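Data block for structure-v2.txt (compact mmCIF, C-alpha atoms):
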```txt
# COMPACT_ATOMS: atom_id res chain seq x y z
CA MET A 1 -85.37 25.03 -62.31
CA SER A 2 -82.63 23.70 -60.04
CA LEU A 3 -82.50 26.84 -57.94
CA ASN A 4 -80.64 27.14 -54.66
CA ASP A 5 -80.39 29.48 -51.68
CA ALA A 6 -78.91 32.28 -53.81
CA VAL A 7 -82.46 33.03 -54.98
CA HIS A 8 -83.78 35.97 -53.00
CA TRP A 9 -87.43 34.82 -53.04
CA SER A 10 -89.66 32.42 -54.95
CA THR A 11 -93.31 31.41 -55.12
CA ASP A 12 -95.62 28.93 -56.83
CA LEU A 13 -98.55 30.64 -58.57
CA GLY A 14 -100.28 27.36 -59.43
CA GLY A 15 -100.47 25.05 -62.42
CA GLY A 16 -96.73 24.64 -62.78
CA THR A 17 -95.94 28.37 -62.91
CA THR A 18 -93.28 29.55 -60.48
CA VAL A 19 -91.53 32.89 -60.10
CA ALA A 20 -88.13 33.53 -58.52
CA LEU A 21 -86.60 36.89 -57.64
CA ILE A 22 -82.91 37.36 -58.36
CA GLN A 23 -81.17 40.64 -57.58
CA ALA A 24 -78.52 41.50 -60.15
CA GLY A 25 -76.56 43.82 -57.88
CA THR A 26 -77.17 47.37 -56.71
CA PHE A 27 -76.26 50.93 -57.65
CA LEU A 28 -76.67 54.42 -56.20
CA THR A 29 -78.96 57.11 -57.53
CA ASP A 30 -79.76 60.66 -56.43
CA ALA A 31 -82.51 60.72 -53.82
CA GLY A 32 -84.03 63.95 -55.07
CA ALA A 33 -84.38 62.52 -58.57
CA VAL A 34 -86.13 59.42 -57.22
CA PHE A 35 -88.81 61.61 -55.63
CA GLY A 36 -89.05 64.19 -58.40
CA PRO A 37 -91.67 66.85 -57.54
CA VAL A 38 -92.45 65.42 -54.09
CA PRO A 39 -91.31 67.92 -51.41
CA ARG A 40 -88.29 66.79 -49.43
CA LEU A 41 -90.19 67.47 -46.22
CA LEU A 42 -92.49 64.57 -47.11
CA TRP A 43 -89.99 62.02 -48.36
CA GLU A 44 -86.84 62.50 -46.33
CA ARG A 45 -88.18 60.77 -43.21
CA GLN A 46 -88.83 57.62 -45.25
CA VAL A 47 -85.22 57.19 -46.36
CA THR A 48 -83.17 58.77 -43.56
CA ALA A 49 -81.61 55.44 -42.59
CA GLU A 50 -80.31 54.70 -46.09
CA LEU A 51 -79.25 58.13 -47.37
CA THR A 52 -75.54 58.31 -48.18
CA ASP A 53 -73.38 61.31 -47.34
CA ASP A 54 -73.95 62.63 -50.86
CA HIS A 55 -77.74 62.14 -50.62
CA ARG A 56 -78.06 59.02 -52.75
CA LEU A 57 -80.08 55.84 -52.29
CA VAL A 58 -79.17 52.19 -52.84
CA GLN A 59 -81.27 50.79 -55.68
CA ALA A 60 -81.52 47.02 -56.19
CA LEU A 61 -81.70 45.57 -59.69
CA ASN A 62 -84.57 43.14 -59.28
CA CYS A 63 -85.08 40.52 -61.99
CA LEU A 64 -87.67 37.74 -62.20
CA LEU A 65 -87.16 34.22 -63.46
CA ILE A 66 -90.51 32.72 -64.51
CA GLU A 67 -90.91 29.00 -65.10
CA THR A 68 -94.05 27.81 -66.90
CA PRO A 69 -94.97 24.48 -68.51
CA ALA A 70 -94.39 26.19 -71.88
CA GLY A 71 -90.99 27.72 -71.18
CA ARG A 72 -88.89 30.19 -69.21
CA VAL A 73 -89.09 33.98 -69.11
CA LEU A 74 -86.53 36.35 -67.63
CA VAL A 75 -87.85 39.78 -66.66
CA GLU A 76 -85.19 42.55 -66.73
CA THR A 77 -81.43 42.15 -67.15
CA GLY A 78 -80.00 44.84 -64.87
CA ILE A 79 -76.93 46.87 -65.73
CA GLY A 80 -74.82 44.02 -67.07
CA GLU A 81 -71.08 43.66 -67.44
CA ARG A 82 -70.12 46.13 -70.16
CA THR A 83 -69.94 49.45 -68.32
CA ASP A 84 -66.55 51.16 -67.99
CA GLU A 85 -64.78 51.41 -64.66
CA LYS A 86 -65.38 55.17 -64.35
CA THR A 87 -69.14 54.67 -64.64
CA ARG A 88 -69.13 51.71 -62.27
CA THR A 89 -67.24 53.73 -59.69
CA SER A 90 -69.37 56.86 -59.97
CA ARG A 91 -72.61 54.90 -59.66
CA ARG A 92 -71.07 52.48 -57.15
CA TYR A 93 -72.26 49.31 -58.82
CA ALA A 94 -71.99 46.34 -56.48
CA GLY A 95 -72.86 42.65 -56.58
CA ASP A 96 -73.14 40.08 -59.34
CA PRO A 97 -74.54 41.14 -62.73
CA ILE A 98 -77.40 39.08 -64.12
CA LEU A 99 -75.44 36.25 -65.76
CA ALA A 100 -73.32 35.56 -62.69
CA ALA A 101 -76.36 35.94 -60.43
CA LEU A 102 -78.32 33.37 -62.45
CA VAL A 103 -75.46 30.88 -62.44
CA ARG A 104 -74.90 31.38 -58.71
CA ALA A 105 -78.61 30.65 -58.19
CA GLY A 106 -78.27 27.37 -60.10
CA PHE A 107 -79.80 28.40 -63.41
CA ASP A 108 -78.36 28.18 -66.92
CA PRO A 109 -78.90 31.47 -68.85
CA ALA A 110 -78.81 29.53 -72.13
CA THR A 111 -82.17 27.96 -71.28
CA VAL A 112 -84.10 31.26 -71.16
CA ASP A 113 -86.77 31.34 -73.90
CA VAL A 114 -87.94 34.95 -73.58
CA VAL A 115 -86.41 38.08 -72.04
CA ALA A 116 -89.02 40.73 -71.25
CA MET A 117 -88.02 44.22 -70.15
CA SER A 118 -90.30 46.81 -68.63
CA HIS A 119 -88.33 49.40 -70.62
CA LEU A 120 -84.88 49.94 -72.10
CA HIS A 121 -83.20 52.27 -69.60
CA PHE A 122 -79.58 51.33 -68.87
CA ASP A 123 -80.41 49.67 -65.54
CA HIS A 124 -83.04 47.37 -67.05
CA ALA A 125 -81.64 46.41 -70.46
CA GLY A 126 -77.90 46.54 -69.79
CA GLY A 127 -77.43 42.79 -69.46
CA LEU A 128 -78.57 41.64 -72.89
CA LEU A 129 -74.95 41.14 -73.99
CA ASP A 130 -72.20 39.36 -72.10
CA ARG A 131 -68.81 40.86 -71.36
CA ASP A 132 -67.54 39.89 -74.84
CA GLY A 133 -70.49 41.39 -76.69
CA GLN A 134 -72.24 38.09 -77.40
CA ARG A 135 -75.92 37.46 -76.73
CA ALA A 136 -76.25 36.70 -73.04
CA PHE A 137 -79.37 34.58 -73.70
CA PRO A 138 -78.61 32.97 -77.05
CA ARG A 139 -81.87 31.12 -77.67
CA ALA A 140 -84.19 33.80 -76.29
CA THR A 141 -86.41 36.33 -78.00
CA ILE A 142 -86.40 39.74 -76.31
CA VAL A 143 -89.59 41.70 -75.83
CA ALA A 144 -90.01 45.41 -75.31
CA GLN A 145 -92.60 47.69 -76.87
CA ARG A 146 -91.95 49.05 -80.38
CA ALA A 147 -92.61 52.55 -78.98
CA GLU A 148 -89.81 52.03 -76.47
CA TRP A 149 -87.30 51.09 -79.16
CA GLU A 150 -88.27 54.12 -81.20
CA ILE A 151 -87.75 56.51 -78.29
CA ALA A 152 -84.60 54.77 -77.04
CA LEU A 153 -82.88 55.10 -80.40
CA GLY A 154 -84.28 58.55 -81.20
CA ASP A 155 -82.62 61.94 -81.00
CA ASN A 156 -84.61 63.82 -78.34
CA PRO A 157 -81.90 64.71 -75.77
CA ARG A 158 -84.34 64.78 -72.85
CA LEU A 159 -86.02 61.47 -73.65
CA VAL A 160 -82.89 59.45 -74.44
CA ALA A 161 -80.81 60.61 -71.47
CA SER A 162 -81.32 57.33 -69.57
CA TYR A 163 -80.59 55.00 -72.49
CA ASP A 164 -77.24 53.51 -73.45
CA GLN A 165 -77.72 54.01 -77.18
CA PRO A 166 -74.46 52.39 -78.38
CA GLU A 167 -75.35 49.17 -76.56
CA LEU A 168 -78.97 49.21 -77.73
CA ARG A 169 -77.87 49.61 -81.34
CA LEU A 170 -75.92 46.38 -80.99
CA VAL A 171 -79.12 44.49 -80.13
CA ARG A 172 -81.56 46.46 -82.26
CA ASP A 173 -82.16 43.70 -84.83
CA TRP A 174 -82.54 41.13 -82.07
CA GLY A 175 -85.16 43.31 -80.41
CA ALA A 176 -86.96 44.22 -83.62
CA ALA A 177 -87.58 40.56 -84.39
CA SER A 178 -89.98 40.27 -81.45
CA TRP A 179 -90.98 43.71 -80.23
CA ALA A 180 -94.53 44.17 -79.01
CA ASP A 181 -97.20 46.50 -80.33
CA GLY A 182 -99.50 46.63 -77.33
CA GLU A 183 -100.55 43.87 -74.97
CA ARG A 184 -99.14 40.44 -75.75
CA GLU A 185 -99.11 37.01 -74.15
CA LEU A 186 -95.48 35.84 -74.28
CA LEU A 187 -96.20 32.34 -73.02
CA PRO A 188 -99.48 31.01 -71.59
CA GLY A 189 -100.05 32.99 -68.40
CA VAL A 190 -97.27 35.54 -68.96
CA SER A 191 -98.28 38.85 -70.55
CA VAL A 192 -96.90 42.33 -71.15
CA ILE A 193 -99.21 45.34 -70.88
CA PRO A 194 -98.16 48.75 -72.20
CA THR A 195 -98.39 51.52 -69.61
CA GLY A 196 -96.29 54.47 -70.79
CA GLY A 197 -95.64 57.08 -68.13
CA HIS A 198 -92.12 56.36 -66.98
CA SER A 199 -91.05 56.10 -70.62
CA ALA A 200 -92.96 56.15 -73.90
CA GLY A 201 -92.99 52.36 -74.28
CA HIS A 202 -92.89 51.28 -70.65
CA GLN A 203 -94.75 48.02 -69.98
CA ALA A 204 -95.89 45.94 -67.02
CA ILE A 205 -95.41 42.18 -66.82
CA VAL A 206 -98.26 40.12 -65.38
CA VAL A 207 -97.94 36.41 -64.51
CA ARG A 208 -101.03 34.31 -63.86
CA GLY A 209 -101.03 30.85 -62.36
CA HIS A 210 -103.59 28.16 -63.20
CA GLY A 211 -105.84 25.89 -61.17
CA PRO A 212 -108.17 26.27 -58.18
CA ASN A 213 -105.69 28.16 -56.00
CA ALA A 214 -104.04 30.18 -58.75
CA ARG A 215 -102.53 33.55 -57.95
CA THR A 216 -101.40 36.52 -60.03
CA LEU A 217 -98.13 38.43 -59.82
CA GLY A 218 -97.51 41.90 -61.18
CA PHE A 219 -94.18 43.55 -62.00
CA PHE A 220 -94.83 47.18 -62.85
CA GLY A 221 -91.27 48.20 -63.66
CA ASP A 222 -90.39 51.73 -62.60
CA LEU A 223 -94.00 52.69 -62.00
CA ALA A 224 -93.56 50.66 -58.79
CA MET A 225 -89.92 51.23 -57.97
CA ARG A 226 -89.98 51.42 -54.16
CA PRO A 227 -92.71 51.19 -51.47
CA TRP A 228 -93.61 54.88 -51.69
CA SER A 229 -94.38 54.45 -55.40
CA ALA A 230 -97.72 53.01 -54.24
CA ASN A 231 -99.01 56.58 -54.03
CA PRO A 232 -99.95 57.23 -57.68
CA LYS A 233 -99.22 60.95 -57.26
CA TRP A 234 -95.60 60.34 -56.24
CA VAL A 235 -93.66 60.23 -59.49
CA THR A 236 -89.93 60.43 -60.14
CA ALA A 237 -87.83 62.96 -62.03
CA PHE A 238 -87.04 60.06 -64.37
CA ASP A 239 -90.67 59.80 -65.52
CA ASP A 240 -90.72 61.25 -69.03
CA PHE A 241 -94.53 61.54 -68.98
CA PRO A 242 -95.43 62.05 -65.30
CA LEU A 243 -99.10 62.91 -65.83
CA ASP A 244 -99.51 59.62 -67.68
CA SER A 245 -97.76 57.86 -64.80
CA VAL A 246 -100.26 59.21 -62.30
CA LEU A 247 -103.25 58.06 -64.35
CA VAL A 248 -102.01 54.61 -65.28
CA LYS A 249 -100.71 53.88 -61.77
CA GLY A 250 -104.12 54.71 -60.33
CA ALA A 251 -105.91 52.30 -62.65
CA LEU A 252 -103.32 49.50 -62.57
CA PHE A 253 -102.82 49.64 -58.80
CA ALA A 254 -106.59 49.59 -58.22
CA ARG A 255 -106.89 46.39 -60.20
CA ALA A 256 -103.93 44.78 -58.42
CA ALA A 257 -105.33 45.73 -55.00
CA ALA A 258 -108.85 44.54 -55.79
CA GLU A 259 -107.65 41.19 -57.13
CA GLY A 260 -104.98 40.61 -54.46
CA TRP A 261 -101.98 40.40 -56.79
CA THR A 262 -98.51 39.74 -55.45
CA ILE A 263 -96.33 42.73 -56.38
CA VAL A 264 -92.57 42.81 -56.92
CA LEU A 265 -90.91 46.24 -56.81
CA SER A 266 -88.22 46.97 -59.37
CA HIS A 267 -85.59 48.64 -57.17
CA GLU A 268 -86.42 47.81 -53.54
CA ARG A 269 -83.54 45.95 -51.90
CA LEU A 270 -84.83 44.79 -48.51
CA GLN A 271 -88.59 44.11 -48.87
CA PRO A 272 -89.38 43.98 -52.59
CA VAL A 273 -92.37 41.61 -52.45
CA GLY A 274 -95.80 42.44 -51.11
CA ARG A 275 -99.28 43.66 -51.96
CA LEU A 276 -101.01 46.92 -52.73
CA VAL A 277 -103.93 47.92 -50.51
CA ALA A 278 -106.32 50.83 -50.87
CA ASP A 279 -105.53 53.75 -48.55
CA ARG A 280 -108.08 56.57 -48.91
CA ASP A 281 -107.52 58.08 -52.38
CA ARG A 282 -104.23 56.25 -52.88
CA PHE A 283 -102.59 52.90 -52.17
CA ALA A 284 -100.04 51.55 -49.73
CA PHE A 285 -97.48 48.81 -50.25
CA GLN A 286 -97.56 46.06 -47.63
CA PRO A 287 -94.45 43.85 -47.73
CA GLY A 288 -94.66 40.14 -47.10
```
Spit out the file's structure as structure tokens when you get a sec.
Amino acid sequence: MSLNDAVHWSTDLGGGTTVALIQAGTFLTDAGAVFGPVPRLLWERQVTAELTDDHRLVQALNCLLIETPAGRVLVETGIGERTDEKTRTSRRYAGDPILAALVRAGFDPATVDVVAMSHLHFDHAGGLLDRDGQRAFPRATIVAQRAEWEIALGDNPRLVASYDQPELRLVRDWGAASWADGERELLPGVSVIPTGGHSAGHQAIVVRGHGPNARTLGFFGDLAMRPWSANPKWVTAFDDFPLDSVLVKGALFARAAAEGWTIVLSHERLQPVGRLVADRDRFAFQPG
């Protein structure tokens, strides 16, 4: 990759596998919804500095660009370029969408081999098409879980509220050609692991380097949205299956902490990279 200073962060995991973080803009979301059942008395002190006048938080759209000897994987696509002006204004979208962000960072989107999404909510799968409705990554396969496609294009009004169904229908055949049924290795060292919880077909992406000093990186999608997500019991109002979230976060975070994985948070703007460490009966996120 001929990446430049527009990349927000990058690392070498070993054996020719590198990962770069590219933020595809930001948007605002309701603070209460982010914390779901967590009492405001507990969470407000953590976000006082960033709360807007209408009690919203700035959420980054963090995407990963993975380079391996076998090919290139993009993780997440952000909101994209096809939202109407009313929606952009109400959610206060800002910054470059994924295609412009990749180009600005010195990377050609046409060379992406695989696009993997943690799930298909509008802020993760919105950049699959370009402004004109063409495939944004023309040679890539796209990978989400079959269960996620089924829910995203279903008719349950509660479960589909966060999906842009008209856009997803445009890419349904593209997605069906390579959807995953459970854990799958996309390229050597790059795997998706179904988790559920946040959505029916939510998945984590795990990247493993090779060689004597190899390291592992985990991207847990919206199970690890911001630093406070490290407490498995803190779930969001957006989690369709919150009890599942609590259980899977506990198990997944324990493994990541024990093995010293590098963790990238899905929506943290300022310090999105760090590690999970055990903290009594929960975990804490340590940036850096």
Test item: which residues lie within 10 Å of (-80.0, 42.2, -81.7) counting only C-alpha atoms, as an mmCIF file with C-alpha atoms, in the coordinates of the input:
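In the end it all went to part_6.cif:
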```cif
data_model
loop_
_atom_site.group_PDB
_atom_site.id
_atom_site.type_symbol
_atom_site.label_atom_id
_atom_site.label_comp_id
_atom_site.auth_asym_id
_atom_site.auth_seq_id
_atom_site.Cartn_x
_atom_site.Cartn_y
_atom_site.Cartn_z
ATOM 1 C CA LEU A 128 -78.570 41.640 -72.890
ATOM 2 C CA LEU A 129 -74.950 41.140 -73.990
ATOM 3 C CA GLN A 134 -72.240 38.090 -77.400
ATOM 4 C CA ARG A 135 -75.920 37.460 -76.730
ATOM 5 C CA THR A 141 -86.410 36.330 -78.000
ATOM 6 C CA ILE A 142 -86.400 39.740 -76.310
ATOM 7 C CA GLU A 167 -75.350 49.170 -76.560
ATOM 8 C CA LEU A 168 -78.970 49.210 -77.730
ATOM 9 C CA ARG A 169 -77.870 49.610 -81.340
ATOM 10 C CA LEU A 170 -75.920 46.380 -80.990
ATOM 11 C CA VAL A 171 -79.120 44.490 -80.130
ATOM 12 C CA ARG A 172 -81.560 46.460 -82.260
ATOM 13 C CA ASP A 173 -82.160 43.700 -84.830
ATOM 14 C CA TRP A 174 -82.540 41.130 -82.070
ATOM 15 C CA GLY A 175 -85.160 43.310 -80.410
ATOM 16 C CA ALA A 176 -86.960 44.220 -83.620
ATOM 17 C CA ALA A 177 -87.580 40.560 -84.390
#
```
Item to check | Residue nearest Ala161 (chain A) - candidates A:Val206, A:Leu120, A:Val19, A:Ala94, atoms counted: all atoms listed in the file | outcome: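 Going through A:Val206, A:Leu120, A:Val19, A:Ala94 one by one, the smallest distance to Ala161 (chain A) is for A:Leu120.
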Draw an axis-aligned box tight on the listed atoms of region 154-161 of chain A, then pad every side by 5 Å and write out centre and edge lengths in Å to one decimal as JSON.
```
{"center_x": -83.4, "center_y": 61.7, "center_z": -76.3, "size_x": 15.2, "size_y": 16.2, "size_z": 19.7}
```
Checklist entry - In Å, with one decimal, what is the gap from CA of Asp164 (chain A) to CA of Leu270 (chain A)? => result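 That distance, rounded to one decimal, is 27.5 Å.
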Checklist entry - Interatomic distance between CA of Leu51 (chain A) and CA of Gln271 (chain A)? => result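 According to the coordinates, CA of Leu51 (chain A) and CA of Gln271 (chain A) are separated by 16.9 Å.
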Item to check | Interatomic distance, CA of Trp261 (chain A) to CA of Arg45 (chain A) (Å, one decimal) | outcome: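 Distance reported for this atom pair: 28.1 Å.
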Item to check | Sel. within 10 Å of pt (-91.2, 34.9, -75.9), counting only C-alpha atoms, output as a PyMOL selection string | outcome: chain A and resi 71-74+112-116+140-143+178-179+184-187+190-191
Next on the checklist: I'd like the contact shell of Val248 (chain A) - 8 Å cut-off, all atoms listed in the file, skipping same-chain residues fewer than 2 positions apart - returned as a VMD selection string.
Outcome noted: chain A and resid 195 to 197 244 to 246 250 to 252
Checklist entry - Quick one: of A:Asn156, A:Ser266, A:Ser118, A:Gln165, who's nearest to Pro194 (chain A), counting only C-alpha atoms? => result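 Looking at the shortest contact to Pro194 (chain A), the residue is A:Ser118.
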Next on the checklist: I need the residue nearest His55 (chain A) from this list: A:Glu150, A:Asp5, A:Asp240, A:Asp30. Use all atoms listed in the file for the distance.
Outcome noted: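 Ranked by minimum distance to His55 (chain A), first place goes to A:Asp30.
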Item to check | Top pick for closest residue to Val58 (chain A), considering A:Met225, A:Ala147, A:Ile263, A:Leu99 and counting all atoms listed in the file | outcome: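 Closest to Val58 (chain A) of all the choices is A:Met225.
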Item to check | Spatial neighbours of Pro232 (chain A), max dist 8 Å, only C-alpha atoms, sep filter under 2 positions, as a ChimeraX atom specification | outcome: /A:229-230,234-235,245-247,249-250,282-283
Item to check | Shell of 9 Å around region 131-133 of chain A, all atoms listed in the file, local chain residues under 4 positions omitted, as a list in words | outcome: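 Non-adjacent residues within range: Gly80, Glu81, Arg82 and Leu170 of chain A.
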List as an mmCIF file with C-alpha atoms, keeping the file's coordinate frame the protein and nucleic acid residues near Glu148 (chain A), meaning an atom at most 8 Å away when all atoms listed in the file are counted, but skip any in the same chain fewer than 6 places from it.
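Here's the written file result25.cif:
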```
data_model
loop_
_atom_site.group_PDB
_atom_site.id
_atom_site.type_symbol
_atom_site.label_atom_id
_atom_site.label_comp_id
_atom_site.auth_asym_id
_atom_site.auth_seq_id
_atom_site.Cartn_x
_atom_site.Cartn_y
_atom_site.Cartn_z
ATOM 1 C CA HIS A 119 -88.330 49.400 -70.620
ATOM 2 C CA LEU A 120 -84.880 49.940 -72.100
ATOM 3 C CA SER A 199 -91.050 56.100 -70.620
ATOM 4 C CA ALA A 200 -92.960 56.150 -73.900
ATOM 5 C CA GLY A 201 -92.990 52.360 -74.280
ATOM 6 C CA HIS A 202 -92.890 51.280 -70.650
#
```
Extract region 204-222 of chain A from the structure I just pasted (atoms: N, CA, C and O atoms) and return it as a PDB file, in the first residue's frame.
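Saved to out22.pdb:
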```
ATOM      1  N   ALA A 204     -17.323 -10.500  14.398  1.00  0.00           N
ATOM      2  CA  ALA A 204     -16.035  -9.876  14.686  1.00  0.00           C
ATOM      3  C   ALA A 204     -15.070 -10.208  13.567  1.00  0.00           C
ATOM      4  O   ALA A 204     -15.217 -11.218  12.876  1.00  0.00           O
ATOM      5  N   ILE A 205     -14.080  -9.345  13.376  1.00  0.00           N
ATOM      6  CA  ILE A 205     -13.012  -9.598  12.406  1.00  0.00           C
ATOM      7  C   ILE A 205     -11.704  -9.705  13.179  1.00  0.00           C
ATOM      8  O   ILE A 205     -11.363  -8.805  13.966  1.00  0.00           O
ATOM      9  N   VAL A 206     -10.991 -10.787  12.976  1.00  0.00           N
ATOM     10  CA  VAL A 206      -9.730 -11.034  13.677  1.00  0.00           C
ATOM     11  C   VAL A 206      -8.614 -11.179  12.643  1.00  0.00           C
ATOM     12  O   VAL A 206      -8.763 -11.919  11.665  1.00  0.00           O
ATOM     13  N   VAL A 207      -7.510 -10.456  12.864  1.00  0.00           N
ATOM     14  CA  VAL A 207      -6.377 -10.461  11.933  1.00  0.00           C
ATOM     15  C   VAL A 207      -5.145 -10.956  12.688  1.00  0.00           C
ATOM     16  O   VAL A 207      -4.768 -10.387  13.716  1.00  0.00           O
ATOM     17  N   ARG A 208      -4.525 -11.993  12.166  1.00  0.00           N
ATOM     18  CA  ARG A 208      -3.360 -12.583  12.818  1.00  0.00           C
ATOM     19  C   ARG A 208      -2.133 -12.450  11.926  1.00  0.00           C
ATOM     20  O   ARG A 208      -2.156 -12.839  10.754  1.00  0.00           O
ATOM     21  N   GLY A 209      -1.073 -11.912  12.498  1.00  0.00           N
ATOM     22  CA  GLY A 209       0.191 -11.858  11.780  1.00  0.00           C
ATOM     23  C   GLY A 209       0.889 -13.211  11.816  1.00  0.00           C
ATOM     24  O   GLY A 209       0.406 -14.167  12.418  1.00  0.00           O
ATOM     25  N   HIS A 210       2.061 -13.284  11.180  1.00  0.00           N
ATOM     26  CA  HIS A 210       2.817 -14.531  11.111  1.00  0.00           C
ATOM     27  C   HIS A 210       4.273 -14.247  11.486  1.00  0.00           C
ATOM     28  O   HIS A 210       4.770 -13.135  11.345  1.00  0.00           O
ATOM     29  N   GLY A 211       4.956 -15.293  11.967  1.00  0.00           N
ATOM     30  CA  GLY A 211       6.363 -15.139  12.303  1.00  0.00           C
ATOM     31  C   GLY A 211       6.591 -15.071  13.799  1.00  0.00           C
ATOM     32  O   GLY A 211       5.650 -15.078  14.597  1.00  0.00           O
ATOM     33  N   PRO A 212       7.861 -14.979  14.206  1.00  0.00           N
ATOM     34  CA  PRO A 212       8.209 -15.067  15.634  1.00  0.00           C
ATOM     35  C   PRO A 212       7.642 -13.940  16.486  1.00  0.00           C
ATOM     36  O   PRO A 212       7.417 -14.130  17.675  1.00  0.00           O
ATOM     37  N   ASN A 213       7.427 -12.776  15.933  1.00  0.00           N
ATOM     38  CA  ASN A 213       6.908 -11.650  16.708  1.00  0.00           C
ATOM     39  C   ASN A 213       5.486 -11.271  16.273  1.00  0.00           C
ATOM     40  O   ASN A 213       5.081 -10.113  16.391  1.00  0.00           O
ATOM     41  N   ALA A 214       4.762 -12.237  15.792  1.00  0.00           N
ATOM     42  CA  ALA A 214       3.421 -11.975  15.260  1.00  0.00           C
ATOM     43  C   ALA A 214       2.478 -11.486  16.350  1.00  0.00           C
ATOM     44  O   ALA A 214       2.567 -11.892  17.515  1.00  0.00           O
ATOM     45  N   ARG A 215       1.573 -10.613  15.946  1.00  0.00           N
ATOM     46  CA  ARG A 215       0.554 -10.092  16.851  1.00  0.00           C
ATOM     47  C   ARG A 215      -0.823 -10.301  16.236  1.00  0.00           C
ATOM     48  O   ARG A 215      -0.951 -10.560  15.041  1.00  0.00           O
ATOM     49  N   THR A 216      -1.846 -10.169  17.069  1.00  0.00           N
ATOM     50  CA  THR A 216      -3.230 -10.347  16.641  1.00  0.00           C
ATOM     51  C   THR A 216      -4.009  -9.069  16.898  1.00  0.00           C
ATOM     52  O   THR A 216      -3.820  -8.408  17.920  1.00  0.00           O
ATOM     53  N   LEU A 217      -4.884  -8.730  15.962  1.00  0.00           N
ATOM     54  CA  LEU A 217      -5.743  -7.547  16.083  1.00  0.00           C
ATOM     55  C   LEU A 217      -7.201  -7.985  16.002  1.00  0.00           C
ATOM     56  O   LEU A 217      -7.568  -8.817  15.177  1.00  0.00           O
ATOM     57  N   GLY A 218      -8.018  -7.415  16.875  1.00  0.00           N
ATOM     58  CA  GLY A 218      -9.436  -7.714  16.873  1.00  0.00           C
ATOM     59  C   GLY A 218     -10.271  -6.470  16.634  1.00  0.00           C
ATOM     60  O   GLY A 218     -10.006  -5.412  17.216  1.00  0.00           O
ATOM     61  N   PHE A 219     -11.241  -6.592  15.742  1.00  0.00           N
ATOM     62  CA  PHE A 219     -12.234  -5.542  15.507  1.00  0.00           C
ATOM     63  C   PHE A 219     -13.582  -6.177  15.816  1.00  0.00           C
ATOM     64  O   PHE A 219     -14.025  -7.065  15.095  1.00  0.00           O
ATOM     65  N   PHE A 220     -14.212  -5.712  16.891  1.00  0.00           N
ATOM     66  CA  PHE A 220     -15.414  -6.357  17.395  1.00  0.00           C
ATOM     67  C   PHE A 220     -16.686  -5.606  17.017  1.00  0.00           C
ATOM     68  O   PHE A 220     -17.737  -5.826  17.620  1.00  0.00           O
ATOM     69  N   GLY A 221     -16.594  -4.747  15.997  1.00  0.00           N
ATOM     70  CA  GLY A 221     -17.767  -4.036  15.545  1.00  0.00           C
ATOM     71  C   GLY A 221     -18.414  -3.248  16.663  1.00  0.00           C
ATOM     72  O   GLY A 221     -17.735  -2.645  17.502  1.00  0.00           O
ATOM     73  N   ASP A 222     -19.748  -3.279  16.728  1.00  0.00           N
ATOM     74  CA  ASP A 222     -20.439  -2.477  17.728  1.00  0.00           C
ATOM     75  C   ASP A 222     -20.612  -3.179  19.065  1.00  0.00           C
ATOM     76  O   ASP A 222     -21.295  -2.668  19.952  1.00  0.00           O
TER      77      ASP A 222
END
```
